[in-house]
$ cat work-v7.cif   # mmCIF, N, CA and C atoms
data_run
loop_
_atom_site.label_atom_id
_atom_site.label_comp_id
_atom_site.auth_asym_id
_atom_site.auth_seq_id
_atom_site.Cartn_x
_atom_site.Cartn_y
_atom_site.Cartn_z
N MET A 1 109.48 -14.11 -29.20
CA MET A 1 109.37 -13.29 -28.02
C MET A 1 110.48 -13.70 -27.05
N PRO A 2 111.14 -12.73 -26.40
CA PRO A 2 112.21 -13.06 -25.45
C PRO A 2 111.63 -13.69 -24.18
N ALA A 3 112.49 -14.38 -23.44
CA ALA A 3 112.07 -14.99 -22.17
C ALA A 3 111.73 -13.89 -21.17
N PHE A 4 110.90 -14.25 -20.19
CA PHE A 4 110.57 -13.30 -19.14
C PHE A 4 111.81 -12.98 -18.33
N LYS A 5 112.00 -11.72 -18.02
CA LYS A 5 113.06 -11.32 -17.10
C LYS A 5 112.61 -11.59 -15.67
N HIS A 6 111.33 -11.37 -15.42
CA HIS A 6 110.73 -11.65 -14.12
C HIS A 6 109.34 -12.23 -14.36
N HIS A 7 109.05 -13.29 -13.65
CA HIS A 7 107.71 -13.85 -13.66
C HIS A 7 107.23 -13.83 -12.22
N ILE A 8 106.20 -13.05 -11.97
CA ILE A 8 105.67 -12.86 -10.63
C ILE A 8 104.45 -13.75 -10.46
N PHE A 9 104.53 -14.66 -9.50
CA PHE A 9 103.40 -15.54 -9.20
C PHE A 9 102.73 -15.04 -7.93
N VAL A 10 101.42 -14.90 -8.00
CA VAL A 10 100.64 -14.39 -6.88
C VAL A 10 99.68 -15.49 -6.45
N CYS A 11 99.77 -15.89 -5.19
CA CYS A 11 98.87 -16.93 -4.70
C CYS A 11 97.45 -16.40 -4.71
N CYS A 12 96.59 -17.11 -5.41
CA CYS A 12 95.17 -16.77 -5.47
C CYS A 12 94.33 -17.91 -4.92
N ASN A 13 94.97 -18.76 -4.11
CA ASN A 13 94.26 -19.88 -3.50
C ASN A 13 93.22 -19.36 -2.51
N GLN A 14 92.12 -20.08 -2.41
CA GLN A 14 91.07 -19.70 -1.47
C GLN A 14 90.83 -20.84 -0.50
N ARG A 15 90.59 -20.46 0.74
CA ARG A 15 90.21 -21.40 1.78
C ARG A 15 89.01 -20.83 2.52
N SER A 16 88.34 -21.68 3.25
CA SER A 16 87.18 -21.23 4.00
C SER A 16 87.60 -20.25 5.10
N PRO A 17 86.72 -19.32 5.45
CA PRO A 17 87.02 -18.36 6.51
C PRO A 17 87.42 -19.09 7.79
N GLY A 18 88.43 -18.58 8.45
CA GLY A 18 88.88 -19.17 9.71
C GLY A 18 89.77 -20.38 9.56
N HIS A 19 90.13 -20.75 8.33
CA HIS A 19 91.01 -21.91 8.14
C HIS A 19 92.30 -21.70 8.92
N ARG A 20 92.80 -22.75 9.53
CA ARG A 20 93.98 -22.64 10.40
C ARG A 20 95.22 -22.14 9.68
N ARG A 21 95.31 -22.32 8.38
CA ARG A 21 96.49 -21.87 7.64
C ARG A 21 96.33 -20.49 7.03
N GLY A 22 95.14 -19.95 7.07
CA GLY A 22 94.90 -18.65 6.46
C GLY A 22 94.55 -18.79 4.99
N CYS A 23 94.45 -17.64 4.34
CA CYS A 23 94.04 -17.62 2.94
C CYS A 23 94.64 -16.39 2.27
N CYS A 24 95.29 -16.58 1.14
CA CYS A 24 95.92 -15.47 0.43
C CYS A 24 94.94 -14.63 -0.38
N ASN A 25 93.77 -15.17 -0.67
CA ASN A 25 92.81 -14.50 -1.54
C ASN A 25 91.40 -14.69 -0.97
N PRO A 26 91.17 -14.18 0.25
CA PRO A 26 89.93 -14.53 0.96
C PRO A 26 88.64 -14.14 0.25
N ASP A 27 88.64 -13.04 -0.48
CA ASP A 27 87.40 -12.62 -1.14
C ASP A 27 87.30 -13.08 -2.59
N GLY A 28 88.32 -13.79 -3.07
CA GLY A 28 88.29 -14.31 -4.44
C GLY A 28 88.44 -13.26 -5.52
N SER A 29 88.82 -12.04 -5.14
CA SER A 29 88.87 -10.95 -6.11
C SER A 29 90.17 -10.90 -6.92
N GLU A 30 91.20 -11.62 -6.47
CA GLU A 30 92.52 -11.57 -7.12
C GLU A 30 93.03 -10.13 -7.19
N ALA A 31 92.69 -9.32 -6.19
CA ALA A 31 93.05 -7.90 -6.18
C ALA A 31 94.56 -7.69 -6.22
N LEU A 32 95.30 -8.50 -5.50
CA LEU A 32 96.75 -8.34 -5.48
C LEU A 32 97.36 -8.62 -6.85
N ARG A 33 96.94 -9.71 -7.47
CA ARG A 33 97.43 -10.02 -8.82
C ARG A 33 97.03 -8.93 -9.80
N ASN A 34 95.81 -8.47 -9.72
CA ASN A 34 95.36 -7.43 -10.64
C ASN A 34 96.15 -6.15 -10.45
N ALA A 35 96.48 -5.81 -9.21
CA ALA A 35 97.28 -4.61 -8.95
C ALA A 35 98.69 -4.77 -9.52
N LEU A 36 99.28 -5.95 -9.39
CA LEU A 36 100.61 -6.19 -9.97
C LEU A 36 100.56 -6.11 -11.49
N LYS A 37 99.56 -6.72 -12.09
CA LYS A 37 99.42 -6.66 -13.55
C LYS A 37 99.28 -5.21 -14.02
N ALA A 38 98.48 -4.44 -13.32
CA ALA A 38 98.27 -3.04 -13.70
C ALA A 38 99.56 -2.24 -13.57
N GLU A 39 100.34 -2.50 -12.52
CA GLU A 39 101.59 -1.76 -12.33
C GLU A 39 102.62 -2.15 -13.39
N VAL A 40 102.67 -3.42 -13.75
CA VAL A 40 103.56 -3.87 -14.83
C VAL A 40 103.18 -3.16 -16.12
N LYS A 41 101.91 -3.10 -16.41
CA LYS A 41 101.43 -2.44 -17.63
C LYS A 41 101.71 -0.94 -17.59
N ARG A 42 101.43 -0.31 -16.43
CA ARG A 42 101.63 1.14 -16.29
C ARG A 42 103.08 1.53 -16.53
N ARG A 43 103.99 0.66 -16.15
CA ARG A 43 105.42 0.96 -16.29
C ARG A 43 106.01 0.42 -17.60
N ASN A 44 105.14 -0.09 -18.46
CA ASN A 44 105.56 -0.61 -19.77
C ASN A 44 106.64 -1.68 -19.66
N LEU A 45 106.44 -2.60 -18.74
CA LEU A 45 107.42 -3.67 -18.52
C LEU A 45 107.09 -4.94 -19.30
N LYS A 46 105.91 -4.98 -19.91
CA LYS A 46 105.55 -6.14 -20.73
C LYS A 46 106.36 -6.09 -22.00
N PRO A 47 106.74 -7.16 -22.59
CA PRO A 47 106.46 -8.55 -22.28
C PRO A 47 107.54 -9.20 -21.41
N LEU A 48 108.51 -8.44 -20.89
CA LEU A 48 109.60 -9.04 -20.13
C LEU A 48 109.24 -9.34 -18.68
N VAL A 49 108.14 -8.76 -18.21
CA VAL A 49 107.67 -9.01 -16.84
C VAL A 49 106.21 -9.43 -16.93
N ARG A 50 105.88 -10.48 -16.19
CA ARG A 50 104.51 -10.97 -16.21
C ARG A 50 104.07 -11.28 -14.78
N ALA A 51 102.85 -10.93 -14.45
CA ALA A 51 102.25 -11.27 -13.16
C ALA A 51 101.12 -12.26 -13.41
N SER A 52 101.24 -13.43 -12.81
CA SER A 52 100.28 -14.51 -13.03
C SER A 52 99.73 -15.00 -11.71
N LYS A 53 98.48 -15.46 -11.75
CA LYS A 53 97.94 -16.08 -10.54
C LYS A 53 98.49 -17.50 -10.44
N SER A 54 98.62 -17.94 -9.23
CA SER A 54 99.03 -19.33 -9.01
C SER A 54 98.10 -19.95 -7.99
N GLY A 55 98.18 -21.26 -7.93
CA GLY A 55 97.53 -21.96 -6.84
C GLY A 55 98.38 -21.77 -5.59
N CYS A 56 98.14 -22.59 -4.62
CA CYS A 56 98.82 -22.46 -3.34
C CYS A 56 100.34 -22.54 -3.50
N LEU A 57 101.03 -21.57 -2.92
CA LEU A 57 102.49 -21.55 -2.91
C LEU A 57 103.05 -22.15 -1.62
N GLU A 58 102.16 -22.69 -0.78
CA GLU A 58 102.50 -23.37 0.47
C GLU A 58 103.19 -22.48 1.50
N GLN A 59 102.91 -21.19 1.46
CA GLN A 59 103.45 -20.26 2.46
C GLN A 59 102.30 -19.56 3.17
N CYS A 60 101.20 -20.25 3.32
CA CYS A 60 99.93 -19.67 3.76
C CYS A 60 100.04 -18.88 5.05
N GLU A 61 100.80 -19.38 6.00
CA GLU A 61 100.89 -18.72 7.29
C GLU A 61 101.60 -17.37 7.22
N HIS A 62 102.24 -17.11 6.09
CA HIS A 62 102.92 -15.83 5.90
C HIS A 62 102.04 -14.82 5.18
N GLY A 63 100.75 -15.10 5.12
CA GLY A 63 99.82 -14.15 4.52
C GLY A 63 99.89 -14.16 3.01
N PRO A 64 99.23 -13.22 2.37
CA PRO A 64 99.27 -13.18 0.91
C PRO A 64 100.72 -13.23 0.40
N THR A 65 100.96 -14.21 -0.47
CA THR A 65 102.32 -14.53 -0.90
C THR A 65 102.52 -14.25 -2.38
N VAL A 66 103.70 -13.69 -2.67
CA VAL A 66 104.14 -13.41 -4.04
C VAL A 66 105.51 -14.05 -4.20
N CYS A 67 105.72 -14.71 -5.33
CA CYS A 67 107.02 -15.31 -5.63
C CYS A 67 107.50 -14.77 -6.97
N ILE A 68 108.75 -14.33 -7.00
CA ILE A 68 109.31 -13.74 -8.21
C ILE A 68 110.42 -14.65 -8.73
N TYR A 69 110.23 -15.11 -9.96
CA TYR A 69 111.23 -15.96 -10.62
C TYR A 69 111.82 -15.20 -11.79
N PRO A 70 113.06 -15.51 -12.16
CA PRO A 70 113.84 -16.69 -11.80
C PRO A 70 114.60 -16.54 -10.48
N GLN A 71 114.50 -15.41 -9.81
CA GLN A 71 115.27 -15.18 -8.60
C GLN A 71 114.82 -16.06 -7.43
N GLY A 72 113.59 -16.52 -7.43
CA GLY A 72 113.08 -17.35 -6.34
C GLY A 72 112.87 -16.55 -5.06
N ILE A 73 112.44 -15.31 -5.19
CA ILE A 73 112.18 -14.46 -4.03
C ILE A 73 110.75 -14.68 -3.59
N PHE A 74 110.55 -14.98 -2.32
CA PHE A 74 109.21 -15.14 -1.76
C PHE A 74 108.94 -13.98 -0.82
N TYR A 75 107.85 -13.27 -1.08
CA TYR A 75 107.40 -12.19 -0.21
C TYR A 75 106.11 -12.61 0.46
N GLY A 76 105.98 -12.28 1.74
CA GLY A 76 104.78 -12.62 2.49
C GLY A 76 104.11 -11.40 3.08
N ASN A 77 102.85 -11.59 3.46
CA ASN A 77 102.02 -10.51 4.01
C ASN A 77 101.99 -9.31 3.06
N VAL A 78 101.94 -9.59 1.78
CA VAL A 78 101.96 -8.54 0.76
C VAL A 78 100.57 -7.89 0.68
N THR A 79 100.59 -6.57 0.59
CA THR A 79 99.35 -5.81 0.43
C THR A 79 99.40 -5.06 -0.90
N ILE A 80 98.28 -4.55 -1.30
CA ILE A 80 98.22 -3.76 -2.53
C ILE A 80 99.13 -2.54 -2.42
N ASP A 81 99.25 -1.99 -1.24
CA ASP A 81 100.13 -0.83 -1.04
C ASP A 81 101.59 -1.16 -1.31
N ASP A 82 101.97 -2.45 -1.21
CA ASP A 82 103.35 -2.88 -1.47
C ASP A 82 103.67 -3.00 -2.95
N VAL A 83 102.67 -3.06 -3.79
CA VAL A 83 102.85 -3.34 -5.22
C VAL A 83 103.81 -2.38 -5.91
N PRO A 84 103.63 -1.06 -5.82
CA PRO A 84 104.58 -0.18 -6.52
C PRO A 84 106.02 -0.37 -6.05
N ARG A 85 106.18 -0.62 -4.76
CA ARG A 85 107.52 -0.83 -4.21
C ARG A 85 108.14 -2.13 -4.72
N ILE A 86 107.35 -3.18 -4.82
CA ILE A 86 107.86 -4.45 -5.34
C ILE A 86 108.34 -4.26 -6.78
N ILE A 87 107.54 -3.59 -7.58
CA ILE A 87 107.93 -3.38 -8.98
C ILE A 87 109.16 -2.48 -9.05
N GLU A 88 109.15 -1.37 -8.36
CA GLU A 88 110.27 -0.42 -8.42
C GLU A 88 111.55 -1.00 -7.83
N GLU A 89 111.46 -1.49 -6.62
CA GLU A 89 112.67 -1.92 -5.90
C GLU A 89 113.19 -3.28 -6.36
N THR A 90 112.31 -4.26 -6.47
CA THR A 90 112.77 -5.62 -6.78
C THR A 90 112.86 -5.87 -8.28
N VAL A 91 111.78 -5.60 -8.99
CA VAL A 91 111.75 -5.93 -10.42
C VAL A 91 112.66 -4.99 -11.21
N ILE A 92 112.57 -3.71 -10.98
CA ILE A 92 113.36 -2.76 -11.77
C ILE A 92 114.78 -2.61 -11.23
N SER A 93 114.91 -2.46 -9.90
CA SER A 93 116.23 -2.15 -9.32
C SER A 93 116.97 -3.35 -8.75
N GLY A 94 116.31 -4.50 -8.66
CA GLY A 94 116.99 -5.71 -8.21
C GLY A 94 117.25 -5.80 -6.72
N ARG A 95 116.55 -4.98 -5.92
CA ARG A 95 116.75 -5.00 -4.47
C ARG A 95 115.66 -5.83 -3.80
N ILE A 96 116.06 -6.56 -2.79
CA ILE A 96 115.12 -7.38 -2.02
C ILE A 96 114.54 -6.53 -0.90
N LEU A 97 113.25 -6.63 -0.70
CA LEU A 97 112.55 -5.90 0.35
C LEU A 97 112.55 -6.76 1.62
N ASP A 98 113.44 -6.44 2.53
CA ASP A 98 113.61 -7.25 3.73
C ASP A 98 112.35 -7.34 4.57
N ASP A 99 111.53 -6.29 4.57
CA ASP A 99 110.33 -6.32 5.40
C ASP A 99 109.26 -7.27 4.85
N LEU A 100 109.36 -7.66 3.59
CA LEU A 100 108.40 -8.60 2.99
C LEU A 100 108.98 -9.99 2.78
N LEU A 101 110.30 -10.09 2.78
CA LEU A 101 110.97 -11.35 2.44
C LEU A 101 110.63 -12.46 3.43
N ILE A 102 110.25 -13.60 2.89
CA ILE A 102 110.11 -14.81 3.71
C ILE A 102 111.49 -15.46 3.70
N ALA A 103 112.10 -15.53 4.86
CA ALA A 103 113.46 -16.05 4.98
C ALA A 103 113.53 -17.50 4.52
N ASP A 104 114.67 -17.87 3.97
CA ASP A 104 114.85 -19.24 3.47
C ASP A 104 114.51 -20.28 4.53
N GLU A 105 114.88 -20.02 5.78
CA GLU A 105 114.63 -21.01 6.83
C GLU A 105 113.14 -21.11 7.19
N CYS A 106 112.34 -20.17 6.70
CA CYS A 106 110.90 -20.21 6.95
C CYS A 106 110.11 -20.84 5.82
N LEU A 107 110.69 -20.90 4.63
CA LEU A 107 109.97 -21.48 3.49
C LEU A 107 109.66 -22.95 3.77
N ASN A 108 108.41 -23.31 3.59
CA ASN A 108 107.95 -24.70 3.75
C ASN A 108 108.27 -25.26 5.13
N ASN A 109 108.30 -24.40 6.14
CA ASN A 109 108.63 -24.82 7.50
C ASN A 109 107.49 -24.46 8.43
N PRO A 110 106.61 -25.42 8.76
CA PRO A 110 105.50 -25.10 9.64
C PRO A 110 105.93 -24.78 11.06
N ASN A 111 107.18 -25.02 11.40
CA ASN A 111 107.69 -24.70 12.72
C ASN A 111 108.50 -23.42 12.74
N CYS A 112 108.44 -22.66 11.68
CA CYS A 112 109.12 -21.37 11.58
C CYS A 112 108.73 -20.49 12.77
N GLU A 113 109.68 -19.73 13.29
CA GLU A 113 109.40 -18.88 14.45
C GLU A 113 108.27 -17.89 14.19
N HIS A 114 108.13 -17.41 12.96
CA HIS A 114 107.08 -16.46 12.64
C HIS A 114 105.70 -17.12 12.69
N ILE A 115 105.63 -18.34 12.22
CA ILE A 115 104.37 -19.07 12.23
C ILE A 115 104.00 -19.42 13.66
N GLN A 116 104.98 -19.85 14.44
CA GLN A 116 104.70 -20.17 15.84
C GLN A 116 104.22 -18.94 16.60
N ALA A 117 104.82 -17.79 16.35
CA ALA A 117 104.41 -16.55 17.02
C ALA A 117 102.98 -16.18 16.61
N MET A 118 102.65 -16.35 15.33
CA MET A 118 101.31 -16.05 14.85
C MET A 118 100.29 -16.97 15.52
N ARG A 119 100.62 -18.25 15.62
CA ARG A 119 99.70 -19.20 16.25
C ARG A 119 99.51 -18.87 17.73
N ALA A 120 100.58 -18.50 18.40
CA ALA A 120 100.48 -18.14 19.81
C ALA A 120 99.59 -16.91 19.99
N ALA A 121 99.73 -15.94 19.09
CA ALA A 121 98.91 -14.73 19.17
C ALA A 121 97.44 -15.06 18.96
N LYS A 122 97.16 -15.95 18.01
CA LYS A 122 95.77 -16.35 17.77
C LYS A 122 95.19 -17.06 18.98
N ARG A 123 96.00 -17.93 19.61
CA ARG A 123 95.53 -18.64 20.80
C ARG A 123 95.20 -17.66 21.92
N SER A 124 96.01 -16.61 22.05
CA SER A 124 95.77 -15.65 23.13
C SER A 124 94.52 -14.81 22.87
N GLU A 125 94.08 -14.74 21.63
CA GLU A 125 92.87 -13.99 21.29
C GLU A 125 91.61 -14.81 21.48
N GLU A 126 91.75 -16.14 21.57
CA GLU A 126 90.59 -17.00 21.69
C GLU A 126 89.96 -16.83 23.07
N PRO A 127 88.62 -16.83 23.11
CA PRO A 127 87.95 -16.72 24.41
C PRO A 127 88.24 -17.94 25.27
N THR A 128 88.39 -17.71 26.54
CA THR A 128 88.63 -18.81 27.46
C THR A 128 87.32 -19.20 28.12
N SER A 129 87.20 -20.45 28.43
CA SER A 129 85.99 -20.92 29.11
C SER A 129 86.24 -20.91 30.61
N ASP A 130 85.28 -20.41 31.35
CA ASP A 130 85.43 -20.32 32.81
C ASP A 130 84.73 -21.46 33.49
#
$ encode --input "work-v7.cif" --output "structure tokens"
Amino acid sequence: MPAFKHHIFVCCNQRSPGHRRGCCNPDGSEALRNALKAEVKRRNLKPLVRASKSGCLEQCEHGPTVCIYPQGIFYGNVTIDDVPRIIEETVISGRILDDLLIADECLNNPNCEHIQAMRAAKRSEEPTSD
């Protein structure tokens, strides 16, 4: 069998509700991975493309995370609605989706501007004590 052209890893890690870092698979359904697998199958991309669940990809603050190898592309805040676009644009056409891309300077960086902005927004939503 030939090597994978693309191996898509989908974070299926679970954390307790309200965890400070968030959770990529809060209901444990692996819905995002299942949607990617179904789209790969629907487009007859097997066996050169595979979608697999992974443990924590350490990009929790960027929401549900998908990593595509061998390119090393990390997408964050991925939704099921993004799945056809990821397969069409990135896997088939080789284009990076800027609106989903986790920038290199944000990978593994808890002080990333996006994470800091998210934390500030959460703090502003918390009830204040009078």
$ select_by_dssp --input "work-v7.cif" --residues "region 55-112 of chain A" --states "strand (DSSP E)" --output "JSON list (two decimals) with N, CA and C atoms, in the coordinates of the input"
[["chain", "number", "residue", "atom", "x", "y", "z"],
["A", 66, "VAL", "N", 103.70, -13.69, -2.67],
["A", 66, "VAL", "CA", 104.14, -13.41, -4.04],
["A", 66, "VAL", "C", 105.51, -14.05, -4.20],
["A", 67, "CYS", "N", 105.72, -14.71, -5.33],
["A", 67, "CYS", "CA", 107.02, -15.31, -5.63],
["A", 67, "CYS", "C", 107.50, -14.77, -6.97],
["A", 68, "ILE", "N", 108.75, -14.33, -7.00],
["A", 68, "ILE", "CA", 109.31, -13.74, -8.21],
["A", 68, "ILE", "C", 110.42, -14.65, -8.73],
["A", 69, "TYR", "N", 110.23, -15.11, -9.96],
["A", 69, "TYR", "CA", 111.23, -15.96, -10.62],
["A", 69, "TYR", "C", 111.82, -15.20, -11.79],
["A", 73, "ILE", "N", 112.44, -15.31, -5.19],
["A", 73, "ILE", "CA", 112.18, -14.46, -4.03],
["A", 73, "ILE", "C", 110.75, -14.68, -3.59],
["A", 74, "PHE", "N", 110.55, -14.98, -2.32],
["A", 74, "PHE", "CA", 109.21, -15.14, -1.76],
["A", 74, "PHE", "C", 108.94, -13.98, -0.82],
["A", 75, "TYR", "N", 107.85, -13.27, -1.08],
["A", 75, "TYR", "CA", 107.40, -12.19, -0.21],
["A", 75, "TYR", "C", 106.11, -12.61, 0.46]]
$ closest_residue --input "work-v7.cif" --among "A:Pro70, A:Pro110, A:Pro26, A:Pro64" --to "Val91 (chain A)" --atoms "only C-alpha atoms"
A:Pro70
$ resolve_selection --input "work-v7.cif" --expression "the PyMOL selection byres ((chain A and resi 67) around 7)" --output "ChimeraX atom specification"
/A:7-11,65-66,68-69,72-75
$ write_last_selection --input "work-v7.cif" --atoms "N, CA and C atoms" --output "CSV table (one decimal), in the coordinates of the input"
chain,number,residue,atom,x,y,z
A,7,HIS,N,109.0,-13.3,-13.6
A,7,HIS,CA,107.7,-13.8,-13.7
A,7,HIS,C,107.2,-13.8,-12.2
A,8,ILE,N,106.2,-13.0,-12.0
A,8,ILE,CA,105.7,-12.9,-10.6
A,8,ILE,C,104.4,-13.8,-10.5
A,9,PHE,N,104.5,-14.7,-9.5
A,9,PHE,CA,103.4,-15.5,-9.2
A,9,PHE,C,102.7,-15.0,-7.9
A,10,VAL,N,101.4,-14.9,-8.0
A,10,VAL,CA,100.6,-14.4,-6.9
A,10,VAL,C,99.7,-15.5,-6.4
A,11,CYS,N,99.8,-15.9,-5.2
A,11,CYS,CA,98.9,-16.9,-4.7
A,11,CYS,C,97.4,-16.4,-4.7
A,65,THR,N,101.0,-14.2,-0.5
A,65,THR,CA,102.3,-14.5,-0.9
A,65,THR,C,102.5,-14.2,-2.4
A,66,VAL,N,103.7,-13.7,-2.7
A,66,VAL,CA,104.1,-13.4,-4.0
A,66,VAL,C,105.5,-14.0,-4.2
A,68,ILE,N,108.8,-14.3,-7.0
A,68,ILE,CA,109.3,-13.7,-8.2
A,68,ILE,C,110.4,-14.6,-8.7
A,69,TYR,N,110.2,-15.1,-10.0
A,69,TYR,CA,111.2,-16.0,-10.6
A,69,TYR,C,111.8,-15.2,-11.8
A,72,GLY,N,113.6,-16.5,-7.4
A,72,GLY,CA,113.1,-17.4,-6.3
A,72,GLY,C,112.9,-16.6,-5.1
A,73,ILE,N,112.4,-15.3,-5.2
A,73,ILE,CA,112.2,-14.5,-4.0
A,73,ILE,C,110.8,-14.7,-3.6
A,74,PHE,N,110.6,-15.0,-2.3
A,74,PHE,CA,109.2,-15.1,-1.8
A,74,PHE,C,108.9,-14.0,-0.8
A,75,TYR,N,107.8,-13.3,-1.1
A,75,TYR,CA,107.4,-12.2,-0.2
A,75,TYR,C,106.1,-12.6,0.5
$ resolve_selection --input "work-v7.cif" --expression "the PyMOL selection byres ((chain A and resi 51) around 8)" --output "JSON, numbers by chain"
{"A": [6, 7, 8, 9, 10, 33, 34, 36, 37, 38, 40, 48, 49, 50, 52, 53, 54]}
$ write_last_selection --input "work-v7.cif" --atoms "N, CA and C atoms" --output "CSV table (one decimal), in the coordinates of the input"
chain,number,residue,atom,x,y,z
A,6,HIS,N,111.3,-11.4,-15.4
A,6,HIS,CA,110.7,-11.6,-14.1
A,6,HIS,C,109.3,-12.2,-14.4
A,7,HIS,N,109.0,-13.3,-13.6
A,7,HIS,CA,107.7,-13.8,-13.7
A,7,HIS,C,107.2,-13.8,-12.2
A,8,ILE,N,106.2,-13.0,-12.0
A,8,ILE,CA,105.7,-12.9,-10.6
A,8,ILE,C,104.4,-13.8,-10.5
A,9,PHE,N,104.5,-14.7,-9.5
A,9,PHE,CA,103.4,-15.5,-9.2
A,9,PHE,C,102.7,-15.0,-7.9
A,10,VAL,N,101.4,-14.9,-8.0
A,10,VAL,CA,100.6,-14.4,-6.9
A,10,VAL,C,99.7,-15.5,-6.4
A,33,ARG,N,96.9,-9.7,-7.5
A,33,ARG,CA,97.4,-10.0,-8.8
A,33,ARG,C,97.0,-8.9,-9.8
A,34,ASN,N,95.8,-8.5,-9.7
A,34,ASN,CA,95.4,-7.4,-10.6
A,34,ASN,C,96.2,-6.2,-10.4
A,36,LEU,N,99.3,-6.0,-9.4
A,36,LEU,CA,100.6,-6.2,-10.0
A,36,LEU,C,100.6,-6.1,-11.5
A,37,LYS,N,99.6,-6.7,-12.1
A,37,LYS,CA,99.4,-6.7,-13.6
A,37,LYS,C,99.3,-5.2,-14.0
A,38,ALA,N,98.5,-4.4,-13.3
A,38,ALA,CA,98.3,-3.0,-13.7
A,38,ALA,C,99.6,-2.2,-13.6
A,40,VAL,N,102.7,-3.4,-13.8
A,40,VAL,CA,103.6,-3.9,-14.8
A,40,VAL,C,103.2,-3.2,-16.1
A,48,LEU,N,108.5,-8.4,-20.9
A,48,LEU,CA,109.6,-9.0,-20.1
A,48,LEU,C,109.2,-9.3,-18.7
A,49,VAL,N,108.1,-8.8,-18.2
A,49,VAL,CA,107.7,-9.0,-16.8
A,49,VAL,C,106.2,-9.4,-16.9
A,50,ARG,N,105.9,-10.5,-16.2
A,50,ARG,CA,104.5,-11.0,-16.2
A,50,ARG,C,104.1,-11.3,-14.8
A,52,SER,N,101.2,-13.4,-12.8
A,52,SER,CA,100.3,-14.5,-13.0
A,52,SER,C,99.7,-15.0,-11.7
A,53,LYS,N,98.5,-15.5,-11.8
A,53,LYS,CA,97.9,-16.1,-10.5
A,53,LYS,C,98.5,-17.5,-10.4
A,54,SER,N,98.6,-17.9,-9.2
A,54,SER,CA,99.0,-19.3,-9.0
A,54,SER,C,98.1,-20.0,-8.0
$ resolve_selection --input "work-v7.cif" --expression "the PyMOL selection byres (((chain A and resi 97 and name CA) around 10) and name CA)" --output "list in words"
Ile73, Tyr75, Asp82, Arg85, Ile86, Glu89, Thr90, Gly94, Arg95, Ile96, Asp98, Asp99, Leu100, Leu101 and Ile102 of chain A
$ residues_around --input "work-v7.cif" --residues "His62 (chain A)" --least-positions-apart "6" --cutoff "7 Å" --atoms "all atoms listed in the file" --output "PyMOL selection string"
chain A and resi 21+75-78+115
$ atom_distance --input "work-v7.cif" --atom1 "CA of Gly28 (chain A)" --atom2 "atom C of Ile87 (chain A)"
24.4 Å
$ atom_distance --input "work-v7.cif" --atom1 "CA of Ile92 (chain A)" --atom2 "CA of Gln59 (chain A)"
24.6 Å
$ axis_aligned_box --input "work-v7.cif" --around "region 53-63 of chain A" --padding-each-side "8 Å" --output "JSON"
{"center_x": 100.5, "center_y": -18.8, "center_z": -2.2, "size_x": 21.9, "size_y": 25.2, "size_z": 35.0}
$ atom_distance --input "work-v7.cif" --atom1 "atom C of Gly55 (chain A)" --atom2 "atom N of Gln14 (chain A)"
7.2 Å
$ closest_residue --input "work-v7.cif" --among "A:Glu113, A:Asp81, A:Glu61, A:Glu88" --to "Cys23 (chain A)" --atoms "all atoms listed in the file"
A:Glu61
$ closest_residue --input "work-v7.cif" --among "A:Arg15, A:Leu57, A:Asp27, A:Lys5" --to "Asn108 (chain A)" --atoms "only N, CA and C atoms"
A:Leu57
$ closest_residue --input "work-v7.cif" --among "A:Ala31, A:His19, A:His114, A:Pro47" --to "Pro2 (chain A)" --atoms "only C-alpha atoms"
A:Pro47
$ select_by_dssp --input "work-v7.cif" --residues "region 21-75 of chain A" --states "alpha helix (DSSP H)" --output "ChimeraX atom specification"
/A:31-42
$ decode --input "work-v7.cif" --residues "region 24-55 of chain A" --atoms "C-alpha atoms" --output "tab-separated table (two decimals), in the first residue's frame"
chain	number	residue	atom	x	y	z
A	24	CYS	CA	-12.10	19.73	21.44
A	25	ASN	CA	-14.61	16.90	21.87
A	26	PRO	CA	-16.94	17.97	24.69
A	27	ASP	CA	-19.70	15.43	24.07
A	28	GLY	CA	-17.37	12.52	23.31
A	29	SER	CA	-19.11	11.88	19.99
A	30	GLU	CA	-16.02	12.33	17.76
A	31	ALA	CA	-18.42	14.06	15.36
A	32	LEU	CA	-15.69	16.09	13.68
A	33	ARG	CA	-13.50	13.06	13.02
A	34	ASN	CA	-16.48	11.07	11.78
A	35	ALA	CA	-17.44	13.88	9.40
A	36	LEU	CA	-13.88	14.01	8.01
A	37	LYS	CA	-13.80	10.23	7.58
A	38	ALA	CA	-17.14	10.31	5.77
A	39	GLU	CA	-16.00	13.11	3.45
A	40	VAL	CA	-12.76	11.26	2.64
A	41	LYS	CA	-14.80	8.16	1.81
A	42	ARG	CA	-17.42	10.11	-0.17
A	43	ARG	CA	-14.71	11.60	-2.37
A	44	ASN	CA	-12.95	8.24	-2.83
A	45	LEU	CA	-9.69	9.54	-1.39
A	46	LYS	CA	-8.86	6.35	0.52
A	47	PRO	CA	-6.27	4.87	0.95
A	48	LEU	CA	-4.12	7.97	0.25
A	49	VAL	CA	-5.97	10.14	2.77
A	50	ARG	CA	-6.83	9.08	6.28
A	51	ALA	CA	-8.63	10.85	9.13
A	52	SER	CA	-7.70	9.58	12.57
A	53	LYS	CA	-8.56	10.58	16.08
A	54	SER	CA	-5.74	11.79	18.25
A	55	GLY	CA	-5.22	12.64	21.84
